[in-house]
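Engineer: What follows is target-v4.txt, made up of compact mmCIF, C-alpha atoms:
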# COMPACT_ATOMS: atom_id res chain seq x y z
CA MET V 1 132.11 -129.32 63.97
CA THR V 2 133.88 -132.57 64.80
CA LEU V 3 136.50 -131.93 62.10
CA LYS V 4 137.14 -128.40 63.40
CA ARG V 5 137.47 -129.75 66.93
CA SER V 6 139.91 -132.43 65.77
CA ILE V 7 142.05 -129.88 63.91
CA LEU V 8 142.01 -127.55 66.93
CA GLY V 9 142.93 -130.46 69.22
CA PHE V 10 145.82 -131.41 66.94
CA PHE V 11 147.34 -127.93 67.01
CA LEU V 12 146.76 -127.60 70.75
CA LYS V 13 148.70 -130.83 71.28
CA ILE V 14 151.57 -129.47 69.20
CA PHE V 15 151.53 -126.18 71.14
CA PHE V 16 151.40 -127.79 74.58
CA GLY V 17 153.89 -130.47 73.53
CA ILE V 18 156.43 -127.80 72.57
CA LEU V 19 155.67 -125.87 75.77
CA LEU V 20 156.24 -128.99 77.89
CA ILE V 21 159.51 -129.82 76.12
CA TRP V 22 160.68 -126.22 76.61
CA LEU V 23 159.78 -125.94 80.31
CA GLY V 24 160.77 -129.54 81.05
CA ALA V 25 164.21 -128.97 79.53
CA ALA V 26 164.62 -125.79 81.60
CA ALA V 27 163.60 -127.56 84.82
CA GLY V 28 165.88 -130.46 83.94
CA ARG V 29 168.79 -128.07 83.54
CA VAL V 30 168.12 -126.68 87.03
CA LEU V 31 168.19 -130.24 88.39
CA VAL V 32 171.48 -130.97 86.63
CA GLU V 33 173.04 -127.86 88.16
CA THR V 34 171.61 -128.54 91.62
CA THR V 35 172.51 -132.23 91.97
CA PRO V 36 176.28 -131.72 92.59
CA GLN V 37 175.44 -129.26 95.41
CA ILE V 38 173.31 -131.73 97.38
CA PRO V 39 175.04 -132.82 100.63
CA TRP V 40 174.87 -136.55 99.93
CA MET V 41 176.71 -137.49 103.14
CA GLU V 42 174.22 -135.84 105.49
CA LYS V 43 171.72 -138.08 107.29
CA GLU V 44 168.70 -136.58 105.50
CA SER V 45 170.19 -137.40 102.11
CA ALA V 46 171.27 -140.85 103.29
CA ALA V 47 167.74 -141.58 104.51
CA PHE V 48 166.14 -140.64 101.19
CA ILE V 49 168.73 -142.49 99.08
CA GLY V 50 168.61 -145.48 101.42
CA GLY V 51 164.84 -145.73 101.04
CA PHE V 52 165.14 -145.33 97.27
CA ALA V 53 167.77 -148.09 97.03
CA ALA V 54 165.81 -150.38 99.36
CA TYR V 55 162.79 -150.35 97.08
CA LEU V 56 164.90 -151.01 93.98
CA LEU V 57 166.42 -154.07 95.66
CA ILE V 58 162.93 -155.38 96.42
CA HIS V 59 161.72 -154.58 92.92
CA PHE V 60 164.53 -156.28 91.03
CA LEU V 61 165.51 -159.08 93.44
CA LEU V 62 162.30 -160.10 95.21
CA TYR V 63 159.01 -159.07 93.63
CA LYS V 64 157.11 -156.23 92.04
CA PRO V 65 154.15 -155.03 94.17
CA VAL V 66 151.86 -154.73 91.16
CA PHE V 67 148.60 -154.64 93.10
CA SER V 68 149.78 -151.67 95.21
CA HIS V 69 150.79 -149.91 92.00
CA VAL V 70 147.47 -150.60 90.27
CA LEU V 71 145.57 -149.36 93.33
CA ALA V 72 147.55 -146.11 93.39
CA HIS V 73 147.12 -145.81 89.62
CA GLU V 74 143.33 -146.06 89.80
CA LEU V 75 143.08 -143.81 92.86
CA THR V 76 145.08 -141.16 90.99
CA HIS V 77 142.72 -141.43 88.00
CA ALA V 78 139.82 -140.88 90.41
CA LEU V 79 141.53 -137.99 92.21
CA ALA V 80 142.37 -136.24 88.93
CA ALA V 81 138.78 -136.68 87.71
CA VAL V 82 137.32 -135.21 90.90
CA MET V 83 139.76 -132.27 90.83
CA MET V 84 138.62 -131.52 87.27
CA GLY V 85 134.96 -131.51 88.25
CA GLY V 86 134.16 -135.08 87.30
CA LYS V 87 132.46 -137.88 89.20
CA VAL V 88 133.72 -141.40 89.82
CA SER V 89 131.19 -144.18 89.27
CA SER V 90 133.37 -147.16 90.14
CA LEU V 91 136.94 -148.17 90.87
CA GLU V 92 138.43 -151.64 90.62
CA ALA V 93 141.99 -152.83 91.17
CA SER V 94 143.74 -156.20 91.11
CA ASP V 95 147.20 -157.53 90.37
CA LYS V 96 146.05 -158.10 86.79
CA GLY V 97 144.90 -154.52 86.19
CA GLY V 98 142.23 -152.04 87.13
CA THR V 99 139.55 -149.71 85.85
CA THR V 100 138.14 -146.40 86.99
CA VAL V 101 134.86 -145.23 85.50
CA VAL V 102 134.43 -141.45 85.40
CA ASN V 103 131.89 -139.21 83.68
CA LYS V 104 134.44 -137.15 81.75
CA SER V 105 137.51 -137.82 79.68
CA HIS V 106 140.63 -135.68 79.63
CA VAL V 107 144.30 -136.23 78.88
CA ILE V 108 145.28 -135.07 82.38
CA ILE V 109 142.95 -137.64 83.94
CA SER V 110 144.38 -140.36 81.71
CA LEU V 111 148.05 -139.52 82.32
CA ALA V 112 147.99 -138.31 85.93
CA PRO V 113 149.05 -141.71 87.42
CA TYR V 114 152.24 -141.71 85.34
CA VAL V 115 153.28 -138.34 86.80
CA PHE V 116 151.75 -138.08 90.27
CA PRO V 117 153.48 -140.37 92.82
CA PHE V 118 150.44 -141.16 94.96
CA TYR V 119 152.17 -142.84 97.92
CA THR V 120 154.96 -140.25 97.90
CA ALA V 121 152.36 -137.47 98.08
CA VAL V 122 150.78 -139.15 101.12
CA THR V 123 154.22 -139.48 102.72
CA VAL V 124 154.95 -135.80 102.04
CA LEU V 125 151.80 -134.82 103.96
CA PHE V 126 152.97 -136.81 107.00
CA TYR V 127 156.48 -135.37 106.61
CA LEU V 128 155.17 -131.81 106.69
CA VAL V 129 153.27 -132.30 109.97
CA ALA V 130 155.80 -134.60 111.69
CA ALA V 131 157.97 -133.40 114.55
CA GLU V 132 161.54 -132.63 113.49
CA PRO V 133 163.15 -135.74 115.13
CA HIS V 134 160.75 -138.05 113.23
CA ARG V 135 161.06 -136.45 109.81
CA ILE V 136 164.05 -138.57 108.86
CA TYR V 137 161.87 -141.71 108.89
CA PHE V 138 159.45 -140.10 106.47
CA LEU V 139 162.38 -139.07 104.27
CA ALA V 140 163.35 -142.74 104.01
CA LEU V 141 159.75 -143.64 103.22
CA MET V 142 159.65 -140.80 100.68
CA GLY V 143 162.65 -142.27 98.89
CA PHE V 144 161.10 -145.75 99.03
CA THR V 145 157.75 -144.64 97.60
CA TYR V 146 159.35 -142.43 94.96
CA ALA V 147 161.47 -145.33 93.72
CA PHE V 148 158.25 -147.38 93.70
CA HIS V 149 156.63 -144.76 91.46
CA VAL V 150 159.56 -144.47 89.07
CA ALA V 151 160.25 -148.19 88.72
CA LEU V 152 156.64 -149.27 88.32
CA THR V 153 155.81 -146.39 85.98
CA VAL V 154 158.64 -147.53 83.70
CA TYR V 155 157.46 -151.14 84.11
CA SER V 156 153.85 -150.30 83.24
CA LEU V 157 154.85 -148.19 80.23
CA SER V 158 156.80 -151.15 78.86
CA HIS V 159 153.43 -152.87 78.47
CA HIS V 160 150.44 -151.73 76.42
CA GLN V 161 148.71 -148.81 78.14
CA PRO V 162 145.32 -147.67 76.78
CA ASP V 163 145.72 -144.45 78.81
CA LEU V 164 148.17 -143.16 76.21
CA GLN V 165 145.53 -143.18 73.48
CA GLU V 166 143.77 -140.12 74.93
CA GLY V 167 146.60 -137.78 74.07
CA GLY V 168 148.46 -139.88 71.53
CA VAL V 169 151.68 -141.77 72.26
CA VAL V 170 154.12 -138.96 71.39
CA PHE V 171 152.34 -136.24 73.37
CA SER V 172 151.72 -138.65 76.26
CA PHE V 173 155.41 -139.48 76.62
CA ILE V 174 156.32 -135.79 76.47
CA PHE V 175 153.72 -135.05 79.17
CA ILE V 176 154.93 -137.93 81.36
CA LEU V 177 158.62 -137.08 81.05
CA ALA V 178 158.15 -133.35 81.68
CA GLY V 179 155.72 -134.00 84.53
CA ASN V 180 158.18 -136.30 86.29
CA VAL V 181 160.94 -133.71 85.93
CA PHE V 182 158.70 -131.16 87.68
CA VAL V 183 157.86 -133.66 90.45
CA LEU V 184 161.55 -134.38 91.04
CA LEU V 185 162.28 -130.65 91.16
CA PHE V 186 159.52 -130.31 93.77
CA LEU V 187 161.08 -133.06 95.90
CA VAL V 188 164.53 -131.50 95.71
CA CYS V 189 163.10 -128.17 96.92
CA LEU V 190 161.23 -129.94 99.71
CA ILE V 191 164.11 -132.08 100.97
CA TRP V 192 167.02 -129.68 100.40
CA PRO V 193 165.54 -126.15 100.71
CA LYS V 194 168.95 -124.69 101.60
CA ILE V 195 170.30 -125.91 98.28
CA LEU V 196 167.28 -124.98 96.15
CA SER V 197 164.44 -122.87 97.52
CA TRP V 198 161.01 -122.66 95.89
CA SER V 199 161.62 -119.12 94.65
CA GLN V 200 165.07 -120.06 93.38
CA ALA V 201 163.68 -123.08 91.51
CA PHE V 202 161.04 -120.91 89.85
CA SER V 203 163.41 -118.10 88.91
CA GLU V 204 166.15 -120.43 87.62
CA THR V 205 163.67 -122.46 85.59
CA PHE V 206 162.30 -119.24 84.09
CA GLN V 207 165.84 -118.02 83.37
CA TRP V 208 166.80 -121.27 81.62
CA ALA V 209 163.55 -121.21 79.65
CA TYR V 210 164.44 -117.69 78.53
CA ASN V 211 167.99 -118.78 77.63
CA LEU V 212 166.66 -121.70 75.60
CA ALA V 213 164.25 -119.42 73.75
CA GLN V 214 167.08 -117.00 73.00
CA SER V 215 169.30 -119.82 71.73
CA PHE V 216 166.55 -121.14 69.51
CA TRP V 217 165.84 -117.66 68.14
CA ALA V 218 169.54 -117.07 67.43
CA TRP V 219 169.66 -120.38 65.55
CA ALA V 220 166.44 -119.77 63.58
CA GLN V 221 166.89 -116.09 62.76
CA PRO V 222 169.33 -116.54 59.82
CA TYR V 223 166.92 -118.99 58.18
CA LEU V 224 163.91 -116.75 58.73
CA SER V 225 165.68 -113.64 57.43
CA ARG V 226 166.54 -115.21 54.06
CA PRO V 227 164.03 -114.84 51.17
CA GLY V 228 161.66 -117.78 51.27
CA GLY V 229 163.13 -118.94 54.58
CA HIS V 230 165.62 -121.26 52.83
CA ALA V 231 169.34 -121.55 53.47
CA SER V 232 171.59 -120.88 50.49
Take the structure in the file and give it back as structure tokens.
Structural biologist:
Amino acid sequence: MTLKRSILGFFLKIFFGILLIWLGAAAGRVLVETTPQIPWMEKESAAFIGGFAAYLLIHFLLYKPVFSHVLAHELTHALAAVMMGGKVSSLEASDKGGTTVVNKSHVIISLAPYVFPFYTAVTVLFYLVAAEPHRIYFLALMGFTYAFHVALTVYSLSHHQPDLQEGGVVFSFIFILAGNVFVLLFLVCLIWPKILSWSQAFSETFQWAYNLAQSFWAWAQPYLSRPGGHAS
């Protein structure tokens, strides 16, 4: 039973890994096409970019707020576990690391902190309920917290991370990269809805996924149509 489960898990990882690469590449293409259309000189854009740059200056020139990152990391583990029907027994965080004890194990629970920008999500909630004149301040904070997530995720991944063992290193990095592409696409839709609406993001991502599938099929078809599947 354990062997069958291991074999099934292996093939599921391959399937979902390919799916994430496919959809992540499609979403990434939408981002590439959208970026030149963003009005970078408008105050909303300047606020977000200013906040993003401000954090990077702190990160590289002053200090890395490791404890704040570890706390967000462990809270995200706990949040993911609860959302998947699990229970959290304990949570500890310090500038040297942290642990979250839950009653179930899952790759999403393990990798959620590397994808979900906890402080940015909190900022987004305040942004959505804020009065229009005050939203620009939350945009700056959104840029600041998003840079915090990106920089410290890269920093933490440069060190040994036991979280990656749950899904395996290769699948984990595919999951993390694709997940962060989707998060960035979400932020672009939120901040610049006139440039990229939610429905437009969905339809264009689907269209690019379809185009990629067509391109792959056109490339593979000559090989598959030959006897034995081998090129002459």
Engineer: Counting only C-alpha atoms, which of V:Ile38, V:Leu12, V:Val115, V:Ala27 gets nearest to Ala201 (chain V)?
Structural biologist: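 Distance minimum relative to Ala201 (chain V) lands on V:Ala27.
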Engineer: What does the distance between CA of Ala78 (chain V) and CA of His106 (chain V) come to in Å, to one decimal place?
Structural biologist: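 We find that CA of Ala78 (chain V) and CA of His106 (chain V) lie 12.0 Å from each other.
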Engineer: With only C-alpha atoms as the atoms that count, which of V:Phe202, V:Phe10, V:Phe16, V:Phe148 lies nearest to His59 (chain V)?
Structural biologist: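 That would be V:Phe148, the residue with the smallest distance to His59 (chain V).
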Engineer: Check the smallest atom-to-atom distance from each of V:Val183, V:Val188, V:Ile195, V:Met142 to Phe52 (chain V) using only C-alpha atoms, then report the winner.
Structural biologist: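 Checking each of V:Val183, V:Val188, V:Ile195, V:Met142 against Phe52 (chain V), counting only C-alpha atoms, the winner is V:Met142.
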Engineer: If you count all atoms listed in the file, which residues fall within 10 Å of Leu20 (chain V), apart from same-chain ones fewer than 2 positions away, as a list in words?
Structural biologist: Ile14, Phe15, Phe16, Gly17, Ile18, Trp22, Leu23, Gly24, Ala25, Ala26, Phe171, Ile174, Phe175, Ile176, Leu177, Ala178 and Gly179 of chain V
Engineer: Rank nothing, just name the residue among V:Gly51, V:Gly98, V:Gly86, V:Pro133 nearest to Tyr146 (chain V), using all atoms listed in the file.
Structural biologist: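 So, comparing all the options, the nearest one is V:Gly51.
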Engineer: Quote the spacing between CA of Phe138 (chain V) and CA of Leu56 (chain V) in Å to one decimal place.
Structural biologist: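 Pair CA of Phe138 (chain V) / CA of Leu56 (chain V) returns 17.5 Å.
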Engineer: Would you mind telling me which residue in V:Val66, V:Ala218, V:Leu185, V:Val122 lies nearest to Thr35 (chain V) when using only C-alpha atoms?
Structural biologist: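 Under the stated criterion, the closest residue is V:Leu185.
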Engineer: Neighbouring residues of Val101 (chain V) were defined as those with any atom within 10 Å, considering only C-alpha atoms; residues of the same chain fewer than 4 positions away were excluded. Please report them as a list of chain:residue names.
Structural biologist: V:Glu74, V:His77, V:Ala78, V:Ala81, V:Lys87, V:Val88, V:Ser89, V:Ser90, V:Leu91, V:Glu92, V:Ser105
Engineer: Go through V:Thr34, V:Ala80, V:Phe11, V:Ile58 and flag the residue nearest Lys194 (chain V), using all atoms listed in the file for the distances.
Structural biologist: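 Going through V:Thr34, V:Ala80, V:Phe11, V:Ile58 one by one, the smallest distance to Lys194 (chain V) is for V:Thr34.
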Engineer: When you look at Ala147 (chain V) with a cut-off of 12 Å (counting only C-alpha atoms), what residues show up, excluding the ones that are within fewer than 6 positions of it in the same chain? I need them as a list in words.
Structural biologist: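 So the residues in contact are Phe48, Ile49, Gly50, Gly51, Phe52, Ala53, Ala54, Tyr55, Leu56, Leu57, Ile58, His59, Phe60, Lys64, His69, Pro117, Phe118, Tyr119, Thr120, Ala140, Leu141, Thr153, Val154, Tyr155 and Leu184 of chain V.
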Engineer: How many Å separate CA of Gly168 (chain V) from CA of Val107 (chain V)?
Structural biologist: 9.2 Å
